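Shown here: input25.pdb, PDB, C-alpha atoms.
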```pdb
ATOM      1  CA  MET L   1      23.290 -15.193 -43.447
ATOM      2  CA  GLU L   2      21.501 -14.273 -40.249
ATOM      3  CA  ASP L   3      17.731 -13.941 -40.270
ATOM      4  CA  ASP L   4      16.689 -10.593 -38.822
ATOM      5  CA  MET L   5      12.982 -11.266 -39.115
ATOM      6  CA  PRO L   6      11.124 -11.895 -35.846
ATOM      7  CA  THR L   7      10.478 -15.573 -35.396
ATOM      8  CA  GLY L   8       7.309 -15.131 -33.356
ATOM      9  CA  ARG L   9       8.626 -17.535 -30.754
ATOM     10  CA  PRO L  10       7.226 -16.872 -27.273
ATOM     11  CA  HIS L  11      10.613 -16.306 -25.722
ATOM     12  CA  ASP L  12      11.545 -13.494 -28.095
ATOM     13  CA  ALA L  13      11.718 -10.068 -26.462
ATOM     14  CA  PRO L  14       8.293  -8.366 -26.553
ATOM     15  CA  GLN L  15       8.008  -5.612 -29.084
ATOM     16  CA  ARG L  16       7.595  -2.072 -27.859
ATOM     17  CA  PRO L  17       3.914  -1.052 -27.882
ATOM     18  CA  SER L  18       2.543   1.586 -30.189
ATOM     19  CA  ALA L  19       1.254   4.856 -28.753
ATOM     20  CA  ALA L  20      -2.314   3.567 -28.908
ATOM     21  CA  GLN L  21      -1.355   0.309 -27.221
ATOM     22  CA  ALA L  22       0.494   2.191 -24.501
ATOM     23  CA  ARG L  23      -2.562   4.348 -23.859
ATOM     24  CA  GLU L  24      -4.763   1.265 -23.734
ATOM     25  CA  THR L  25      -2.364  -0.389 -21.303
ATOM     26  CA  LEU L  26      -2.367   2.614 -19.007
ATOM     27  CA  ALA L  27      -6.154   2.750 -19.154
ATOM     28  CA  SER L  28      -6.349  -0.883 -18.069
ATOM     29  CA  LEU L  29      -4.179  -0.061 -15.077
ATOM     30  CA  ARG L  30      -6.660   2.638 -14.105
ATOM     31  CA  ALA L  31      -9.444   0.055 -14.248
ATOM     32  CA  ASP L  32      -7.468  -2.223 -11.931
ATOM     33  CA  ASP L  33      -6.911   0.688  -9.547
ATOM     34  CA  ALA L  34     -10.655   1.325  -9.513
ATOM     35  CA  ASN L  35     -11.299  -2.360  -8.693
ATOM     36  CA  LEU L  36      -8.810  -2.173  -5.869
ATOM     37  CA  ALA L  37     -10.276   1.073  -4.532
ATOM     38  CA  GLU L  38     -13.639  -0.667  -4.189
ATOM     39  CA  ARG L  39     -11.997  -3.175  -1.851
ATOM     40  CA  LEU L  40     -10.622  -0.451   0.402
ATOM     41  CA  VAL L  41     -12.995  -0.770   3.297
ATOM     42  CA  THR L  42     -12.524   1.163   6.510
ATOM     43  CA  PRO L  43     -14.577  -0.532   9.217
ATOM     44  CA  ARG L  44     -16.307   1.702  11.722
ATOM     45  CA  TRP L  45     -14.120   0.441  14.518
ATOM     46  CA  TYR L  46     -10.794   1.249  12.881
ATOM     47  CA  HIS L  47     -10.277   4.981  13.463
ATOM     48  CA  PRO L  48     -11.871   5.031  16.935
ATOM     49  CA  SER L  49      -9.611   2.097  17.889
ATOM     50  CA  LEU L  50      -6.603   3.958  16.566
ATOM     51  CA  GLY L  51      -7.594   7.046  18.534
ATOM     52  CA  VAL L  52      -8.080   5.032  21.720
ATOM     53  CA  ILE L  53      -4.658   3.403  21.331
ATOM     54  CA  VAL L  54      -2.968   6.772  20.814
ATOM     55  CA  ALA L  55      -4.776   8.255  23.818
ATOM     56  CA  LEU L  56      -3.914   5.245  25.989
ATOM     57  CA  VAL L  57      -0.256   5.440  25.041
ATOM     58  CA  ILE L  58      -0.143   9.145  25.857
ATOM     59  CA  THR L  59      -1.880   8.838  29.219
ATOM     60  CA  SER L  60      -0.012   5.703  30.265
ATOM     61  CA  GLN L  61       3.456   6.860  29.285
ATOM     62  CA  ALA L  62       3.055  10.123  31.145
ATOM     63  CA  LEU L  63       2.659   8.095  34.337
ATOM     64  CA  PRO L  64       5.724   7.642  36.518
ATOM     65  CA  SER L  65       7.568   4.357  36.566
ATOM     66  CA  PRO L  66       6.774   1.503  37.105
ATOM     67  CA  ALA L  67       3.233   2.182  35.881
ATOM     68  CA  SER L  68       4.447   3.434  32.505
ATOM     69  CA  LEU L  69       6.662   0.356  32.094
ATOM     70  CA  ILE L  70       3.842  -2.008  32.987
ATOM     71  CA  LEU L  71       1.598  -0.402  30.396
ATOM     72  CA  LEU L  72       4.388  -0.236  27.793
ATOM     73  CA  PRO L  73       3.334  -3.533  26.132
ATOM     74  CA  VAL L  74       0.032  -1.869  25.327
ATOM     75  CA  ALA L  75       1.948   0.765  23.425
ATOM     76  CA  LEU L  76       4.204  -1.751  21.730
ATOM     77  CA  PHE L  77       1.600  -4.272  20.657
ATOM     78  CA  ALA L  78      -1.735  -2.493  20.294
ATOM     79  CA  LEU L  79      -0.930  -0.532  17.177
ATOM     80  CA  PRO L  80       0.670  -3.374  15.200
ATOM     81  CA  ALA L  81      -2.137  -5.622  16.415
ATOM     82  CA  LEU L  82      -4.649  -3.222  14.897
ATOM     83  CA  VAL L  83      -2.798  -3.401  11.585
ATOM     84  CA  VAL L  84      -2.664  -7.202  11.707
ATOM     85  CA  VAL L  85      -6.369  -7.478  12.474
ATOM     86  CA  TYR L  86      -7.228  -5.192   9.547
ATOM     87  CA  ARG L  87      -4.884  -6.949   7.138
ATOM     88  CA  ARG L  88      -6.204 -10.411   7.965
ATOM     89  CA  ARG L  89      -9.802  -9.266   7.750
ATOM     90  CA  TYR L  90      -9.537  -7.447   4.405
ATOM     91  CA  GLY L  91      -6.451  -8.959   2.779
ATOM     92  CA  LEU L  92      -4.776  -5.691   1.944
ATOM     93  CA  TRP L  93      -2.726  -2.874   3.401
ATOM     94  CA  PHE L  94      -1.187   0.268   1.980
ATOM     95  CA  SER L  95       1.991   1.653   3.458
ATOM     96  CA  LEU L  96       2.113   4.783   1.288
ATOM     97  CA  PRO L  97      -0.335   7.589   0.514
ATOM     98  CA  ALA L  98      -1.741   7.445  -2.997
ATOM     99  CA  GLY L  99      -1.046  11.043  -3.944
ATOM    100  CA  PRO L 100      -0.243  14.569  -2.800
ATOM    101  CA  ARG L 101      -3.536  15.273  -1.042
ATOM    102  CA  SER L 102      -3.631  12.088   0.986
ATOM    103  CA  ARG L 103       0.069  12.570   1.729
ATOM    104  CA  ARG L 104      -0.692  16.029   3.100
ATOM    105  CA  VAL L 105      -3.392  14.731   5.441
ATOM    106  CA  TYR L 106      -1.129  11.876   6.510
ATOM    107  CA  ARG L 107       1.644  14.320   7.411
ATOM    108  CA  ILE L 108      -0.766  16.556   9.316
ATOM    109  CA  LEU L 109      -2.047  13.610  11.338
ATOM    110  CA  LEU L 110       1.469  12.424  12.010
ATOM    111  CA  ALA L 111       2.519  15.912  13.124
ATOM    112  CA  ILE L 112      -0.442  16.117  15.515
ATOM    113  CA  VAL L 113       0.359  12.737  17.048
ATOM    114  CA  VAL L 114       4.032  13.650  17.421
ATOM    115  CA  ALA L 115       3.036  16.932  19.089
ATOM    116  CA  CYS L 116       0.799  15.009  21.480
ATOM    117  CA  PHE L 117       3.665  12.708  22.366
ATOM    118  CA  ALA L 118       5.915  15.705  22.906
ATOM    119  CA  ALA L 119       3.330  17.168  25.267
ATOM    120  CA  MET L 120       3.243  13.824  27.078
ATOM    121  CA  VAL L 121       6.996  14.028  27.611
ATOM    122  CA  VAL L 122       6.662  17.550  28.980
ATOM    123  CA  VAL L 123       4.086  16.354  31.512
ATOM    124  CA  LYS L 124       6.269  13.394  32.448
ATOM    125  CA  VAL L 125       9.536  15.269  33.012
ATOM    126  CA  THR L 126       8.288  18.563  34.416
ATOM    127  CA  PRO L 127       6.355  19.467  37.595
ATOM    128  CA  VAL L 128       3.235  20.046  35.455
ATOM    129  CA  ALA L 129       0.218  18.340  37.013
ATOM    130  CA  TYR L 130      -0.514  14.912  35.507
ATOM    131  CA  GLY L 131      -4.065  15.938  34.696
ATOM    132  CA  TRP L 132      -2.747  18.139  31.901
ATOM    133  CA  VAL L 133      -1.880  15.002  29.939
ATOM    134  CA  LEU L 134      -5.566  14.574  29.288
ATOM    135  CA  LEU L 135      -5.407  17.459  26.849
ATOM    136  CA  PRO L 136      -2.943  15.880  24.385
ATOM    137  CA  ALA L 137      -4.625  12.523  25.041
ATOM    138  CA  ALA L 138      -7.945  13.991  23.953
ATOM    139  CA  VAL L 139      -6.350  15.456  20.846
ATOM    140  CA  GLY L 140      -4.700  12.097  20.141
ATOM    141  CA  LEU L 141      -8.068  10.394  20.541
ATOM    142  CA  VAL L 142      -9.969  12.744  18.254
ATOM    143  CA  ALA L 143      -7.421  13.441  15.523
ATOM    144  CA  PRO L 144      -7.502   9.945  13.945
ATOM    145  CA  MET L 145     -11.294   9.918  14.097
ATOM    146  CA  VAL L 146     -11.498  13.241  12.252
ATOM    147  CA  LEU L 147      -8.571  13.041   9.850
ATOM    148  CA  GLY L 148      -8.585   9.288   9.300
ATOM    149  CA  PRO L 149     -11.789   9.185   7.240
ATOM    150  CA  ARG L 150     -10.616  12.233   5.288
ATOM    151  CA  TYR L 151      -7.350  10.452   4.504
ATOM    152  CA  ASP L 152      -9.200   7.319   3.394
ATOM    153  CA  ASP L 153     -11.500   9.299   1.118
ATOM    154  CA  LEU L 154      -8.620  11.150  -0.512
ATOM    155  CA  PHE L 155      -6.661   7.914  -0.810
ATOM    156  CA  ARG L 156      -9.467   6.197  -2.703
ATOM    157  CA  ARG L 157      -9.927   9.181  -5.013
ATOM    158  CA  GLU L 158      -6.241   9.427  -5.742
ATOM    159  CA  LEU L 159      -5.974   5.677  -6.224
ATOM    160  CA  THR L 160      -8.584   5.742  -8.959
ATOM    161  CA  GLY L 161      -7.338   8.972 -10.481
ATOM    162  CA  ALA L 162      -3.633   8.654  -9.827
ATOM    163  CA  ALA L 163      -2.979   7.036 -13.171
ATOM    164  CA  THR L 164      -3.307  10.486 -14.750
ATOM    165  CA  ALA L 165       0.268  10.853 -13.579
ATOM    166  CA  THR L 166       1.234   7.702 -15.498
ATOM    167  CA  ASP L 167      -0.254   8.514 -18.871
ATOM    168  CA  GLY L 168       1.639  11.703 -19.451
ATOM    169  CA  GLN L 169      -1.250  13.964 -18.636
ATOM    170  CA  GLY L 170       0.192  15.156 -15.350
ATOM    171  CA  ALA L 171      -1.036  14.776 -11.764
TER     172      ALA L 171
ATOM    173  CA  MET G   1       5.222   9.174 -10.066
ATOM    174  CA  SER G   2       8.134  11.447  -9.223
ATOM    175  CA  ALA G   3       9.342  13.904 -11.806
ATOM    176  CA  ASP G   4      12.888  12.576 -11.764
ATOM    177  CA  VAL G   5      11.985   9.026 -12.872
ATOM    178  CA  VAL G   6      14.035   7.925 -15.864
ATOM    179  CA  PRO G   7      11.891   5.999 -18.342
ATOM    180  CA  VAL G   8      13.162   2.442 -18.722
ATOM    181  CA  PHE G   9      11.159  -0.170 -20.588
ATOM    182  CA  SER G  10      11.224  -3.482 -18.723
ATOM    183  CA  GLU G  11      10.666  -6.648 -20.695
ATOM    184  CA  VAL G  12       9.982  -8.540 -17.463
ATOM    185  CA  ILE G  13       7.271  -6.155 -16.342
ATOM    186  CA  HIS G  14       5.681  -5.515 -19.724
ATOM    187  CA  SER G  15       3.943  -8.874 -19.949
ATOM    188  CA  PRO G  16       0.246  -7.874 -19.665
ATOM    189  CA  THR G  17      -0.409  -9.895 -16.512
ATOM    190  CA  ARG G  18       2.808  -8.918 -14.776
ATOM    191  CA  LEU G  19       2.273  -5.260 -15.571
ATOM    192  CA  ARG G  20      -1.185  -5.432 -14.016
ATOM    193  CA  ILE G  21       0.238  -7.143 -10.930
ATOM    194  CA  CYS G  22       2.919  -4.484 -10.584
ATOM    195  CA  GLY G  23       0.368  -1.783 -11.290
ATOM    196  CA  VAL G  24      -1.844  -2.557  -8.323
ATOM    197  CA  LEU G  25       1.153  -3.033  -6.036
ATOM    198  CA  ARG G  26       3.037   0.102  -7.027
ATOM    199  CA  ARG G  27       1.699   2.383  -4.277
ATOM    200  CA  GLY G  28       3.086   0.394  -1.396
ATOM    201  CA  ALA G  29       0.252  -2.122  -1.364
ATOM    202  CA  GLN G  30       0.536  -5.416   0.451
ATOM    203  CA  LEU G  31      -2.104  -7.693  -0.994
ATOM    204  CA  GLU G  32      -3.070 -11.158   0.022
ATOM    205  CA  PHE G  33      -2.882 -13.650  -2.836
ATOM    206  CA  ALA G  34      -6.649 -14.145  -3.049
ATOM    207  CA  VAL G  35      -7.325 -10.393  -3.065
ATOM    208  CA  LEU G  36      -4.745  -9.859  -5.804
ATOM    209  CA  ARG G  37      -6.198 -12.729  -7.796
ATOM    210  CA  ASP G  38      -9.773 -11.492  -7.462
ATOM    211  CA  THR G  39      -8.888  -7.854  -8.118
ATOM    212  CA  LEU G  40      -7.206  -8.767 -11.401
ATOM    213  CA  GLY G  41      -9.577 -11.611 -12.312
ATOM    214  CA  LEU G  42      -6.798 -14.172 -12.686
ATOM    215  CA  THR G  43      -6.619 -17.873 -11.962
ATOM    216  CA  ASP G  44      -4.438 -19.188  -9.133
ATOM    217  CA  ALA G  45      -2.073 -20.850 -11.579
ATOM    218  CA  ASN G  46      -1.680 -17.788 -13.801
ATOM    219  CA  LEU G  47      -1.049 -15.503 -10.850
ATOM    220  CA  SER G  48       1.414 -17.924  -9.249
ATOM    221  CA  LYS G  49       3.348 -18.327 -12.475
ATOM    222  CA  ASN G  50       3.714 -14.612 -13.019
ATOM    223  CA  LEU G  51       4.558 -13.903  -9.391
ATOM    224  CA  ARG G  52       7.350 -16.453  -9.670
ATOM    225  CA  VAL G  53       8.793 -14.602 -12.659
ATOM    226  CA  LEU G  54       8.617 -11.284 -10.817
ATOM    227  CA  ALA G  55      10.123 -12.806  -7.679
ATOM    228  CA  ASP G  56      12.982 -14.319  -9.684
ATOM    229  CA  ALA G  57      13.660 -10.850 -11.077
ATOM    230  CA  GLY G  58      13.719  -9.457  -7.540
ATOM    231  CA  PHE G  59      10.674  -7.284  -8.094
ATOM    232  CA  VAL G  60       8.204  -8.812  -5.626
ATOM    233  CA  THR G  61       8.307 -10.690  -2.365
ATOM    234  CA  ALA G  62       5.762 -13.259  -1.245
ATOM    235  CA  THR G  63       5.524 -13.788   2.494
ATOM    236  CA  LYS G  64       3.654 -16.682   4.063
ATOM    237  CA  GLU G  65       1.624 -16.074   7.192
ATOM    238  CA  SER G  66      -0.400 -18.500   9.231
ATOM    239  CA  SER G  67      -4.065 -17.684   9.591
ATOM    240  CA  PRO G  68      -6.211 -18.661  12.561
ATOM    241  CA  ASP G  69      -9.253 -18.166  10.351
ATOM    242  CA  ARG G  70      -8.412 -21.052   8.063
ATOM    243  CA  SER G  71      -9.441 -24.534   9.040
ATOM    244  CA  ASP G  72      -6.892 -26.132   6.747
ATOM    245  CA  ALA G  73      -3.125 -26.045   6.931
ATOM    246  CA  ARG G  74      -2.745 -23.448   4.190
ATOM    247  CA  ARG G  75      -1.361 -20.061   5.026
ATOM    248  CA  LEU G  76      -1.969 -16.570   3.756
ATOM    249  CA  THR G  77       0.453 -15.303   1.134
ATOM    250  CA  TRP G  78       1.198 -11.605   1.160
ATOM    251  CA  VAL G  79       2.592 -10.033  -1.978
ATOM    252  CA  GLU G  80       4.323  -6.673  -2.299
ATOM    253  CA  LEU G  81       6.863  -4.943  -4.504
ATOM    254  CA  THR G  82      10.474  -4.748  -3.414
ATOM    255  CA  PRO G  83      12.195  -1.328  -3.542
ATOM    256  CA  PRO G  84      13.951  -2.283  -6.808
ATOM    257  CA  GLY G  85      10.608  -3.542  -8.080
ATOM    258  CA  ARG G  86       8.909  -0.264  -7.261
ATOM    259  CA  ARG G  87      11.631   1.665  -9.057
ATOM    260  CA  ALA G  88      11.440  -0.637 -12.065
ATOM    261  CA  VAL G  89       7.653  -0.250 -12.244
ATOM    262  CA  GLU G  90       7.823   3.537 -12.041
ATOM    263  CA  ALA G  91      10.490   3.593 -14.734
ATOM    264  CA  HIS G  92       8.436   1.287 -16.952
ATOM    265  CA  LEU G  93       5.273   3.354 -16.489
ATOM    266  CA  ALA G  94       7.262   6.454 -17.356
ATOM    267  CA  ALA G  95       8.420   4.699 -20.517
ATOM    268  CA  LEU G  96       4.816   3.786 -21.379
ATOM    269  CA  ALA G  97       3.694   7.352 -20.732
ATOM    270  CA  GLU G  98       6.417   8.562 -23.062
ATOM    271  CA  ILE G  99       5.310   6.138 -25.765
ATOM    272  CA  ALA G 100       1.650   7.048 -25.203
ATOM    273  CA  GLN G 101       2.400  10.676 -25.946
ATOM    274  CA  GLY G 102       3.500   9.596 -29.395
TER     275      GLY G 102
END
```

As structure tokens, please, write out the structure in this file.
Amino acid sequence: MEDDMPTGRPHDAPQRPSAAQARETLASLRADDANLAERLVTPRWYHPSLGVIVALVITSQALPSPASLILLPVALFALPALVVVYRRRYGLWFSLPAGPRSRRVYRILLAIVVACFAAMVVVKVTPVAYGWVLLPAAVGLVAPMVLGPRYDDLFRRELTGAATATDGQGA
Amino acid sequence: MSADVVPVFSEVIHSPTRLRICGVLRRGAQLEFAVLRDTLGLTDANLSKNLRVLADAGFVTATKESSPDRSDARRLTWVELTPPGRRAVEAHLAALAEIAQG
């Protein structure tokens, strides 16, 4: 006759938690998120560096060839280099927004940068004077410095409070 | 967590340590081994053991990277969830949320 009683051996399948245990588990995840949020440091140089890179790419790529090709490595390597420097310094990186508000700011910033690049293309392929590229370059310089800190702040808040979406209480 | 996540309880993830590891990684985080260890307050051995289980299940990847900041030959180890891992974590958290509601 088979024994249906749990043997208590370590390799047995874990029992499903009770409601109280599940709530406690979810609460512990929120505590871990709070610990992680404390490690999310944005150094003072990060957003200005990002803005400078964006502005440099815009101004350089609006130049006629071969100048734009010579400066292309700046565009190709500066941004990933910024990410690598940050990752190695702080040991972490997030590739996704933490919630709806940070996602909204992220999309706004992305839309602004894309619009600046589109303006760059217009300057490059039309008879518009090259000096006009300074306008989208200036926007590309400033946007990360203004929206970047806002994104970081919302990200940290949503990281510590995002678990409300995981404990059945809604976002 | 998206509204269309189907709750699925994962016995691999539900181990307390592995759930905590998956929890901090679930929002697209790439964490260096030491940061993950210190954030969760684990020992090297405990974290390594549980990462191996998650990696064997296809839920995390661990990528080695050389570091010019280290004087020894050791490299940095970056840990992140795989796409199946992220889906499994979301499904498991949905299952926990369902249980938590009683």

Task: Top pick for closest residue to chain L, considering G:Val79, G:Ala95, G:Val53, G:Val24 and counting all atoms listed in the file - done: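 Closest to chain L, using all atoms listed in the file: G:Val24.
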
Open item on the list: Which residue is closest to Ala129 (chain L)? Choose from L:Leu63, L:Leu109, L:Val85, L:Pro43 and count all atoms listed in the file.
Closed with: L:Leu63

Task: Gap from CA of Leu47 (chain G) to CA of Ile21 (chain G) - Å, one decimal - done: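 Between CA of Leu47 (chain G) and CA of Ile21 (chain G) the gap works out to 8.5 Å.
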
Enumerate, in order of chain and increasing residue number, the residues of chain G with an atom no farther than 8 Å from chain L, each with its shortest atom pair and distance in Å to one decimal, counting all atoms listed in the file, as a Markdown table.
```
| residue | atom | partner | partner_atom | distance |
| --- | --- | --- | --- | --- |
| G:Met1 | CA | L:Ala165 | CA | 6.3 |
| G:Glu11 | CA | L:Pro14 | CA | 6.5 |
| G:His14 | CA | L:Pro14 | CA | 7.8 |
| G:Ser15 | CA | L:Pro14 | CA | 7.9 |
| G:Arg20 | CA | L:Leu29 | CA | 6.2 |
| G:Gly23 | CA | L:Leu29 | CA | 6.2 |
| G:Val24 | CA | L:Asp33 | CA | 6.1 |
| G:Arg27 | CA | L:Leu96 | CA | 6.1 |
| G:Gly28 | CA | L:Ser95 | CA | 5.1 |
| G:Ala29 | CA | L:Phe94 | CA | 4.4 |
| G:Gln30 | CA | L:Trp93 | CA | 5.1 |
| G:Leu31 | CA | L:Leu92 | CA | 4.4 |
| G:Glu32 | CA | L:Gly91 | CA | 4.9 |
| G:Ala34 | CA | L:Gly91 | CA | 7.8 |
| G:Val35 | CA | L:Gly91 | CA | 6.1 |
| G:Thr39 | CA | L:Asn35 | CA | 6.0 |
| G:Leu40 | CA | L:Asp32 | CA | 6.6 |
| G:Ser67 | CA | L:Arg88 | CA | 7.8 |
| G:Leu93 | CA | L:Thr166 | CA | 6.0 |
| G:Ala94 | CA | L:Thr166 | CA | 6.4 |
| G:Leu96 | CA | L:Ala22 | CA | 5.6 |
| G:Ala97 | CA | L:Asp167 | CA | 4.5 |
| G:Glu98 | CA | L:Gly168 | CA | 6.8 |
| G:Ile99 | CA | L:Ala19 | CA | 5.2 |
| G:Ala100 | CA | L:Ala19 | CA | 4.2 |
| G:Gln101 | CA | L:Ala19 | CA | 6.6 |
| G:Gly102 | CA | L:Ala19 | CA | 5.3 |
```

TODO: Apply the PyMOL selection byres ((chain G and resi 83-90) around 9) to the structure shown and report the selected residues as JSON, numbers by chain.
DONE: {"L": [166], "G": [1, 2, 5, 6, 7, 8, 9, 10, 13, 19, 22, 23, 25, 26, 27, 28, 54, 57, 58, 59, 60, 81, 82, 91, 92, 93, 94, 95]}

Could you write out that same residue set with C-alpha atoms as a JSON list (two decimals), keeping the file's coordinate frame?
```json
[["chain", "number", "residue", "atom", "x", "y", "z"],
["L", 166, "THR", "CA", 1.23, 7.70, -15.50],
["G", 1, "MET", "CA", 5.22, 9.17, -10.07],
["G", 2, "SER", "CA", 8.13, 11.45, -9.22],
["G", 5, "VAL", "CA", 11.98, 9.03, -12.87],
["G", 6, "VAL", "CA", 14.04, 7.92, -15.86],
["G", 7, "PRO", "CA", 11.89, 6.00, -18.34],
["G", 8, "VAL", "CA", 13.16, 2.44, -18.72],
["G", 9, "PHE", "CA", 11.16, -0.17, -20.59],
["G", 10, "SER", "CA", 11.22, -3.48, -18.72],
["G", 13, "ILE", "CA", 7.27, -6.16, -16.34],
["G", 19, "LEU", "CA", 2.27, -5.26, -15.57],
["G", 22, "CYS", "CA", 2.92, -4.48, -10.58],
["G", 23, "GLY", "CA", 0.37, -1.78, -11.29],
["G", 25, "LEU", "CA", 1.15, -3.03, -6.04],
["G", 26, "ARG", "CA", 3.04, 0.10, -7.03],
["G", 27, "ARG", "CA", 1.70, 2.38, -4.28],
["G", 28, "GLY", "CA", 3.09, 0.39, -1.40],
["G", 54, "LEU", "CA", 8.62, -11.28, -10.82],
["G", 57, "ALA", "CA", 13.66, -10.85, -11.08],
["G", 58, "GLY", "CA", 13.72, -9.46, -7.54],
["G", 59, "PHE", "CA", 10.67, -7.28, -8.09],
["G", 60, "VAL", "CA", 8.20, -8.81, -5.63],
["G", 81, "LEU", "CA", 6.86, -4.94, -4.50],
["G", 82, "THR", "CA", 10.47, -4.75, -3.41],
["G", 91, "ALA", "CA", 10.49, 3.59, -14.73],
["G", 92, "HIS", "CA", 8.44, 1.29, -16.95],
["G", 93, "LEU", "CA", 5.27, 3.35, -16.49],
["G", 94, "ALA", "CA", 7.26, 6.45, -17.36],
["G", 95, "ALA", "CA", 8.42, 4.70, -20.52]]
```

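Residue neighbourhood of Tyr151 (chain L), excluding near-sequence residues (fewer than 3 positions): Ser102, Val105, Tyr106, Leu147, Gly148, Leu154 and Phe155 of chain L, at 8 Å, using all atoms listed in the file.
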
- [ ] Decode the PyMOL selection byres ((chain L and resi 77-82) around 12) for the given file into explicit residues and return them as an MDAnalysis selection string.
- [x] chainID L and resid 43 45:57 71:76 83:89 93

Task: Pick from G:Arg75, G:Leu36, G:Pro16, G:Ser66 nearest to Ser48 (chain G), counting all atoms listed in the file - done: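 Comparing G:Arg75, G:Leu36, G:Pro16, G:Ser66 against Ser48 (chain G), the winner is G:Leu36.
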
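Taking CA of Glu158 (chain L) and CA of Thr77 (chain G) as the two end points, the separation is 26.5 Å.
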
- [ ] Work out how far apart CA of Leu51 (chain G) and CA of Arg18 (chain G) are and give it in Å to one decimal.
- [x] 7.5 Å

Open item on the list: Quick check on the file I pasted: which residues fall under the PyMOL selection byres ((chain L and resi 111-125) around 12)? Write them as a ChimeraX atom specification.
Closed with: /L:50-51,53-65,68,104-110,126-144,146-147

Would you mind exporting the chosen residues as a short mmCIF file (atom, residue, chain, number, x, y, z; two decimals), in the frame of the given file, restricted to C-alpha atoms?
```
data_model
loop_
_atom_site.label_atom_id
_atom_site.label_comp_id
_atom_site.auth_asym_id
_atom_site.auth_seq_id
_atom_site.Cartn_x
_atom_site.Cartn_y
_atom_site.Cartn_z
CA LEU L 50 -6.60 3.96 16.57
CA GLY L 51 -7.59 7.05 18.53
CA ILE L 53 -4.66 3.40 21.33
CA VAL L 54 -2.97 6.77 20.81
CA ALA L 55 -4.78 8.26 23.82
CA LEU L 56 -3.91 5.24 25.99
CA VAL L 57 -0.26 5.44 25.04
CA ILE L 58 -0.14 9.14 25.86
CA THR L 59 -1.88 8.84 29.22
CA SER L 60 -0.01 5.70 30.26
CA GLN L 61 3.46 6.86 29.28
CA ALA L 62 3.06 10.12 31.14
CA LEU L 63 2.66 8.10 34.34
CA PRO L 64 5.72 7.64 36.52
CA SER L 65 7.57 4.36 36.57
CA SER L 68 4.45 3.43 32.51
CA ARG L 104 -0.69 16.03 3.10
CA VAL L 105 -3.39 14.73 5.44
CA TYR L 106 -1.13 11.88 6.51
CA ARG L 107 1.64 14.32 7.41
CA ILE L 108 -0.77 16.56 9.32
CA LEU L 109 -2.05 13.61 11.34
CA LEU L 110 1.47 12.42 12.01
CA THR L 126 8.29 18.56 34.42
CA PRO L 127 6.36 19.47 37.60
CA VAL L 128 3.24 20.05 35.46
CA ALA L 129 0.22 18.34 37.01
CA TYR L 130 -0.51 14.91 35.51
CA GLY L 131 -4.07 15.94 34.70
CA TRP L 132 -2.75 18.14 31.90
CA VAL L 133 -1.88 15.00 29.94
CA LEU L 134 -5.57 14.57 29.29
CA LEU L 135 -5.41 17.46 26.85
CA PRO L 136 -2.94 15.88 24.38
CA ALA L 137 -4.62 12.52 25.04
CA ALA L 138 -7.94 13.99 23.95
CA VAL L 139 -6.35 15.46 20.85
CA GLY L 140 -4.70 12.10 20.14
CA LEU L 141 -8.07 10.39 20.54
CA VAL L 142 -9.97 12.74 18.25
CA ALA L 143 -7.42 13.44 15.52
CA PRO L 144 -7.50 9.94 13.94
CA VAL L 146 -11.50 13.24 12.25
CA LEU L 147 -8.57 13.04 9.85
#
```

Kindly compute an axis-aligned box around the listed atoms of region 90-93 of chain L, allowing 3 Å on each side, and express its centre and edge lengths in Å to one decimal as AutoDock Vina command-line options.
```
--center_x -6.1 --center_y -5.9 --center_z 3.2 --size_x 12.8 --size_y 12.1 --size_z 8.5
```
